[in-house]
>>> print(open('entry.txt').read())   # compact mmCIF, C-alpha atoms
# COMPACT_ATOMS: atom_id res chain seq x y z
CA MET A 755 7.04 -7.71 9.93
CA GLU A 756 7.98 -6.96 13.54
CA ILE A 757 5.91 -4.70 15.79
CA ASN A 758 7.05 -3.47 19.21
CA THR A 759 5.21 -1.12 21.52
CA THR A 760 6.89 1.09 24.13
CA GLN A 761 5.00 3.14 26.66
CA TYR A 762 6.40 6.62 27.24
CA LYS A 763 5.24 9.12 29.85
CA ARG A 764 3.11 11.15 27.43
CA CYS A 765 2.59 8.80 24.50
CA ASP A 766 2.98 5.27 23.18
CA VAL A 767 5.47 4.40 20.46
CA VAL A 768 4.75 1.61 18.01
CA LYS A 769 7.81 0.58 16.05
CA THR A 770 7.29 -1.48 12.92
CA VAL A 771 10.02 -3.18 10.94
CA GLY A 772 9.59 -4.56 7.44
CA ARG A 773 6.83 -4.35 4.87
CA ILE A 774 3.23 -3.41 5.51
CA ASP A 775 0.87 -4.87 2.92
CA SER A 776 -2.49 -6.67 2.82
CA TYR A 777 -0.87 -9.70 4.47
CA THR A 778 0.78 -7.89 7.38
CA ALA A 779 -1.51 -4.84 7.86
CA PRO A 780 -3.99 -6.81 10.04
CA ASP A 781 -1.18 -7.37 12.60
CA LEU A 782 -0.54 -3.62 12.76
CA GLU A 783 -4.28 -2.99 12.99
CA GLU A 784 -4.53 -5.33 15.97
CA VAL A 785 -1.73 -3.55 17.85
CA LEU A 786 -3.05 -0.04 17.14
CA SER A 787 -6.67 -0.88 17.91
CA SER A 788 -5.69 -2.52 21.20
CA LEU A 789 -3.99 0.76 22.18
CA THR A 790 -7.02 2.90 21.35
CA LYS A 791 -9.35 0.41 23.07
CA ASP A 792 -7.17 0.85 26.18
CA GLY A 793 -7.75 4.60 25.99
CA LYS A 794 -4.33 5.43 24.55
CA TYR A 795 -4.80 8.07 21.90
CA LYS A 796 -1.37 9.72 21.73
CA ILE A 797 0.59 7.42 19.49
CA VAL A 798 3.82 7.68 17.51
CA LEU A 799 4.30 5.17 14.70
CA ASP A 800 8.05 4.77 14.17
CA MET A 801 8.41 3.90 10.47
CA GLU A 802 12.17 4.32 10.13
CA GLU A 803 12.57 0.62 9.32
CA VAL A 804 9.42 0.25 7.22
CA ASP A 805 10.47 -0.07 3.59
CA PHE A 806 7.10 -0.73 1.93
CA MET A 807 3.55 0.33 2.67
CA SER A 808 0.49 -0.29 0.53
CA SER A 809 -2.90 1.40 0.78
CA LYS A 810 -4.08 -1.36 3.12
CA GLY A 811 -1.55 -0.08 5.65
CA TRP A 812 -2.52 3.55 5.12
CA TRP A 813 -6.18 2.72 5.76
CA VAL A 814 -5.20 1.12 9.08
CA LEU A 815 -3.50 4.39 10.01
CA ILE A 816 -6.50 6.44 8.86
CA GLU A 817 -8.88 4.41 11.04
CA THR A 818 -6.49 4.77 13.99
CA GLN A 819 -6.24 8.50 13.37
CA LYS A 820 -10.03 8.75 13.44
CA ALA A 821 -10.12 7.02 16.84
CA CYS A 822 -7.28 9.17 18.21
CA LYS A 823 -8.53 12.56 17.03
CA ARG A 824 -12.17 12.01 18.03
CA TYR A 825 -13.13 14.51 20.80
CA ASN A 826 -9.62 16.04 20.41
CA ARG A 827 -8.28 13.39 22.76
CA GLY A 828 -5.06 12.66 20.91
CA GLU A 829 -3.32 12.06 17.61
CA LEU A 830 -1.40 9.46 15.65
CA VAL A 831 1.84 10.94 14.31
CA LEU A 832 4.42 9.32 12.06
CA ALA A 833 8.18 9.33 12.49
CA GLY A 834 11.05 8.50 10.13
CA VAL A 835 8.93 7.83 7.06
CA GLN A 836 11.19 6.87 4.17
CA GLU A 837 11.13 9.31 1.29
CA ARG A 838 9.63 6.94 -1.30
CA ILE A 839 6.81 6.01 1.09
CA ARG A 840 6.22 9.68 1.95
CA ASP A 841 6.14 10.51 -1.77
CA SER A 842 3.49 7.86 -2.46
CA LEU A 843 1.46 9.04 0.54
CA ASN A 844 1.51 12.62 -0.70
CA LEU A 845 0.89 11.65 -4.30
CA VAL A 846 -2.21 9.75 -3.31
CA GLY A 847 -3.32 12.63 -1.10
CA MET A 848 -3.39 10.95 2.30
CA GLY A 849 -0.41 12.95 3.57
CA SER A 850 -2.53 15.82 4.84
CA TYR A 851 -4.14 13.62 7.50
CA PHE A 852 -0.87 13.03 9.37
CA GLN A 853 1.89 15.00 11.04
CA ILE A 854 5.17 13.49 9.87
CA PHE A 855 8.36 14.00 11.90
CA ASP A 856 11.87 13.33 10.66
CA ASP A 857 12.80 11.26 13.69
CA LEU A 858 11.36 9.56 16.74
CA VAL A 859 12.71 12.11 19.25
CA SER A 860 10.92 15.05 17.66
CA ALA A 861 7.73 13.01 17.23
CA VAL A 862 7.67 12.07 20.93
CA ALA A 863 8.47 15.66 21.91
CA ASN A 864 5.32 16.76 20.05
CA PHE A 865 3.18 15.39 22.90
CA MET B 810 10.18 -12.13 -20.82
CA ALA B 811 9.57 -13.77 -17.44
CA THR B 812 6.33 -15.29 -16.20
CA GLU B 813 5.51 -16.66 -12.78
CA THR B 814 2.25 -17.91 -11.27
CA PHE B 815 1.36 -17.31 -7.64
CA PRO B 816 -1.43 -18.57 -5.38
CA GLY B 817 -4.11 -15.91 -4.96
CA CYS B 818 -3.49 -15.19 -1.31
CA PHE B 819 -2.04 -12.20 0.54
CA GLU B 820 0.99 -14.22 1.61
CA SER B 821 2.01 -14.27 -2.09
CA LEU B 822 2.36 -10.48 -2.26
CA ALA B 823 5.97 -10.42 -1.00
CA GLY B 824 6.99 -12.96 -3.67
CA ILE B 825 5.13 -11.08 -6.41
CA ARG B 826 6.85 -7.81 -5.43
CA LYS B 827 10.22 -9.57 -5.40
CA PHE B 828 9.54 -10.91 -8.91
CA VAL B 829 8.73 -7.48 -10.38
CA PHE B 830 11.50 -5.82 -8.33
CA LYS B 831 14.09 -7.96 -10.09
CA SER B 832 12.66 -7.25 -13.55
CA ALA B 833 12.44 -3.51 -12.87
CA MET B 834 15.98 -3.45 -11.49
CA ASP B 835 17.30 -5.39 -14.50
CA ALA B 836 15.50 -2.88 -16.76
CA GLY B 837 17.57 -0.08 -15.19
CA PHE B 838 14.96 1.81 -13.19
CA ASP B 839 16.04 3.87 -10.19
CA GLU B 840 14.98 3.13 -6.60
CA LYS B 841 11.92 5.42 -6.66
CA GLU B 842 10.67 4.03 -9.97
CA ILE B 843 11.13 0.46 -8.77
CA TYR B 844 9.13 1.29 -5.64
CA ALA B 845 6.35 2.74 -7.82
CA VAL B 846 6.24 -0.49 -9.86
CA GLU B 847 6.21 -2.64 -6.71
CA LEU B 848 3.42 -0.55 -5.18
CA ALA B 849 1.27 -0.63 -8.34
CA VAL B 850 1.65 -4.41 -8.68
CA ASP B 851 0.94 -4.96 -4.97
CA GLU B 852 -2.24 -2.87 -5.17
CA ALA B 853 -3.36 -4.68 -8.34
CA CYS B 854 -2.82 -8.14 -6.84
CA SER B 855 -4.44 -7.18 -3.53
CA ASN B 856 -7.50 -6.02 -5.49
CA ILE B 857 -7.57 -9.28 -7.47
CA ILE B 858 -7.54 -11.36 -4.28
CA GLU B 859 -10.02 -9.18 -2.41
CA HIS B 860 -12.45 -8.22 -5.17
CA SER B 861 -11.92 -10.35 -8.28
CA TYR B 862 -11.63 -13.64 -6.41
CA GLY B 863 -13.61 -12.42 -3.41
CA GLY B 864 -11.11 -13.80 -0.93
CA GLU B 865 -7.94 -15.79 -0.50
CA GLY B 866 -7.22 -19.23 -1.96
CA LYS B 867 -9.77 -19.09 -4.77
CA GLY B 868 -7.50 -18.87 -7.81
CA GLU B 869 -4.09 -17.97 -9.15
CA ILE B 870 -2.37 -14.80 -10.26
CA GLU B 871 -0.11 -14.97 -13.30
CA CYS B 872 2.48 -12.23 -13.57
CA THR B 873 4.56 -11.51 -16.67
CA CYS B 874 7.34 -8.93 -17.04
CA ASN B 875 8.43 -7.89 -20.52
CA ASP B 876 11.39 -5.67 -21.26
CA LEU B 877 10.57 -2.75 -23.56
CA SER B 878 13.07 -0.51 -25.29
CA ASP B 879 11.95 2.38 -23.09
CA GLY B 880 10.82 0.60 -19.95
CA ILE B 881 8.95 -2.41 -18.67
CA GLU B 882 5.55 -3.97 -19.34
CA ILE B 883 3.83 -5.94 -16.60
CA ILE B 884 0.85 -8.16 -17.36
CA ILE B 885 -1.21 -9.57 -14.51
CA ARG B 886 -3.83 -12.21 -15.26
CA ASP B 887 -6.51 -13.78 -13.09
CA ASP B 888 -9.66 -15.87 -13.52
CA GLY B 889 -11.90 -14.07 -11.06
CA GLN B 890 -14.90 -11.84 -11.60
CA PRO B 891 -14.53 -9.08 -14.22
CA PHE B 892 -15.35 -5.52 -13.25
CA ASP B 893 -15.78 -2.13 -14.89
CA PRO B 894 -12.78 0.05 -13.95
CA ASN B 895 -14.80 3.14 -14.92
CA SER B 896 -17.35 2.34 -12.23
CA ILE B 897 -14.76 2.74 -9.46
CA ALA B 898 -14.80 6.32 -8.23
CA PRO B 899 -11.41 7.69 -7.16
CA PRO B 900 -11.09 8.32 -3.44
CA ASN B 901 -11.78 11.83 -2.22
CA PHE B 902 -8.91 12.96 0.00
CA SER B 903 -10.16 16.51 0.37
CA VAL B 904 -12.86 15.54 2.87
CA GLU B 905 -12.65 15.69 6.66
CA LEU B 906 -10.91 12.75 8.33
CA GLU B 907 -14.13 11.27 9.75
CA GLU B 908 -15.69 11.17 6.28
CA LEU B 909 -12.87 9.22 4.62
CA GLN B 910 -14.02 5.88 3.23
CA PRO B 911 -11.46 3.10 2.71
CA ARG B 912 -12.18 2.22 -0.90
CA GLY B 913 -11.00 2.90 -4.41
CA ALA B 914 -7.42 3.80 -3.52
CA GLY B 915 -5.85 0.81 -5.29
CA LEU B 916 -6.84 1.78 -8.82
CA PHE B 917 -6.01 5.40 -8.12
CA ILE B 918 -2.51 4.45 -6.95
CA ILE B 919 -1.94 2.14 -9.92
CA SER B 920 -2.86 4.85 -12.43
CA ASN B 921 -0.62 7.35 -10.63
CA MET B 922 2.39 5.04 -10.38
CA MET B 923 2.35 3.65 -13.92
CA ASP B 924 2.41 5.37 -17.33
CA ASP B 925 -0.08 3.11 -19.13
CA VAL B 926 -2.82 1.02 -17.50
CA ASP B 927 -5.23 -1.10 -19.55
CA PHE B 928 -7.78 -3.67 -18.46
CA GLU B 929 -9.12 -6.44 -20.65
CA PHE B 930 -11.77 -8.94 -19.60
CA THR B 931 -12.18 -12.07 -21.73
CA LYS B 932 -13.96 -15.40 -21.32
CA GLU B 933 -11.04 -17.29 -22.83
CA LYS B 934 -8.05 -15.76 -21.05
CA GLY B 935 -9.67 -14.25 -17.98
CA ASN B 936 -8.96 -10.77 -16.64
CA ILE B 937 -5.83 -9.10 -17.95
CA LEU B 938 -4.24 -5.97 -16.53
CA ARG B 939 -1.45 -4.51 -18.64
CA MET B 940 0.74 -1.83 -17.09
CA VAL B 941 3.73 -0.01 -18.54
CA LYS B 942 6.38 2.00 -16.71
CA ARG B 943 8.67 4.08 -18.88
CA LYS B 944 12.12 5.33 -17.98
CA LYS B 945 12.59 9.05 -17.59
CA THR B 946 14.14 10.60 -20.65
>>> encode(input="entry.txt", output="structure tokens")
Amino acid sequence: MEINTTQYKRCDVVKTVGRIDSYTAPDLEEVLSSLTKDGKYKIVLDMEEVDFMSSKGWWVLIETQKACKRYNRGELVLAGVQERIRDSLNLVGMGSYFQIFDDLVSAVANF
Amino acid sequence: MATETFPGCFESLAGIRKFVFKSAMDAGFDEKEIYAVELAVDEACSNIIEHSYGGEGKGEIECTCNDLSDGIEIIIRDDGQPFDPNSIAPPNFSVELEELQPRGAGLFIISNMMDDVDFEFTKEKGNILRMVKRKKT
């Protein structure tokens, strides 16, 4: 799995490529927690090139969302989530905790 | 029937998913159904490593795929600690974000992704999880 972070004027974009499972989720956790520890709470996770995500990955996003939304200081939003991943997210019931945008441009424009 | 044994570590998950992906594809499932099978198997094996074995590198995971006339049967076997599936409460996703606790999602996902899910715990053969995915009619 590849992870790249880009700093925008009003938010940070984390782009992940590949599969997020129990083996790779700790890498994503490290990147996201380093952002929130640096006081960056407006984050877009670009998932356009993520083709698998297990619950381990979703829990990383939930913990990041908790850090971002605390004191209304920001939010983690998702962009380009593939349909099958979005379906599993909604089926499980975690979908309501995230704003999901069709593409990166509209997700960044949210901030 | 195809059987493969994998080391009980998280690095094995990609290989395990690839193994069931091929069997599900050969069985004629569509992309969404194959993803459901991959996700269920990934969650099951992650649980085995994390909870049944209590960590990585402590045992093996044996995975068998059987073709059925109406779908696919996947049997996952391990030699870790048995558990009572009924004792695992499903996660509550109707609570506020701050109250969410990261536990219990694996079993919930497995039972939502697959049509039949049965656990068997034996001294002789270890822990056996049997899952069936049926094709849409």
>>> closest_residue(input="entry.txt", among="B:Glu905, B:Asp876, B:Glu820, B:Asp851", to="Met848 in chain A", atoms="all atoms listed in the file")
B:Glu905
>>> residues_around(input="entry.txt", residues="Pro891 in chain B", least_positions_apart="2", cutoff="12 Å", atoms="all atoms listed in the file", output="PyMOL selection string")
chain B and resi 856-857+860-863+886-889+893-894+896+928-932+934-938
>>> interface_residues(input="entry.txt", of="chain B", to="chain A", cutoff="7 Å", atoms="all atoms listed in the file", output="JSON, numbers by chain")
{"B": [819, 820, 841, 848, 852, 855, 902, 906, 907, 911, 914, 915, 918]}
>>> write_last_selection(input="entry.txt", atoms="C-alpha atoms", output="PDB file, in the frame of the given file")
ATOM      1  CA  PHE B 819      -2.040 -12.200   0.540  1.00  0.00           C
ATOM      2  CA  GLU B 820       0.990 -14.220   1.610  1.00  0.00           C
ATOM      3  CA  LYS B 841      11.920   5.420  -6.660  1.00  0.00           C
ATOM      4  CA  LEU B 848       3.420  -0.550  -5.180  1.00  0.00           C
ATOM      5  CA  GLU B 852      -2.240  -2.870  -5.170  1.00  0.00           C
ATOM      6  CA  SER B 855      -4.440  -7.180  -3.530  1.00  0.00           C
ATOM      7  CA  PHE B 902      -8.910  12.960   0.000  1.00  0.00           C
ATOM      8  CA  LEU B 906     -10.910  12.750   8.330  1.00  0.00           C
ATOM      9  CA  GLU B 907     -14.130  11.270   9.750  1.00  0.00           C
ATOM     10  CA  PRO B 911     -11.460   3.100   2.710  1.00  0.00           C
ATOM     11  CA  ALA B 914      -7.420   3.800  -3.520  1.00  0.00           C
ATOM     12  CA  GLY B 915      -5.850   0.810  -5.290  1.00  0.00           C
ATOM     13  CA  ILE B 918      -2.510   4.450  -6.950  1.00  0.00           C
TER      14      ILE B 918
END
>>> residues_around(input="entry.txt", residues="Glu869 in chain B", least_positions_apart="3", cutoff="7 Å", atoms="all atoms listed in the file", output="NGL selection string")
:B and (814-817 or 887)
>>> atom_distance(input="entry.txt", atom1="CA of Pro899 in chain B", atom2="CA of Val850 in chain B")
17.9 Å
>>> closest_residue(input="entry.txt", among="B:Cys872, B:Met940, B:Ala853, B:Ile884", to="Ile825 in chain B", atoms="only C-alpha atoms")
B:Cys872
>>> residues_around(input="entry.txt", residues="Glu784 in chain A", least_positions_apart="2", cutoff="12 Å", atoms="only C-alpha atoms", output="PyMOL selection string")
chain A and resi 757+759+768+778-782+786-791+811+814-815+817-818
>>> residues_near_point(input="entry.txt", point="(-3.7, 7.4, 31.4)", cutoff="10 Å", atoms="all atoms listed in the file", output="ChimeraX atom specification")
/A:763-765,792-795
>>> atom_distance(input="entry.txt", atom1="CA of Arg943 in chain B", atom2="CA of Phe830 in chain B")
14.7 Å
>>> atom_distance(input="entry.txt", atom1="CA of Gly864 in chain B", atom2="CA of Ile885 in chain B")
17.3 Å
>>> residues_around(input="entry.txt", residues="Tyr762 in chain A", least_positions_apart="6", cutoff="12 Å", atoms="only C-alpha atoms", output="list in words")
Val768, Lys794, Lys796, Ile797, Val798, Leu858, Val859, Ala861, Val862, Ala863 and Phe865 of chain A
>>> closest_residue(input="entry.txt", among="B:Met922, B:Phe838, B:Asn901, B:Cys818", to="Gly866 in chain B", atoms="only C-alpha atoms")
B:Cys818
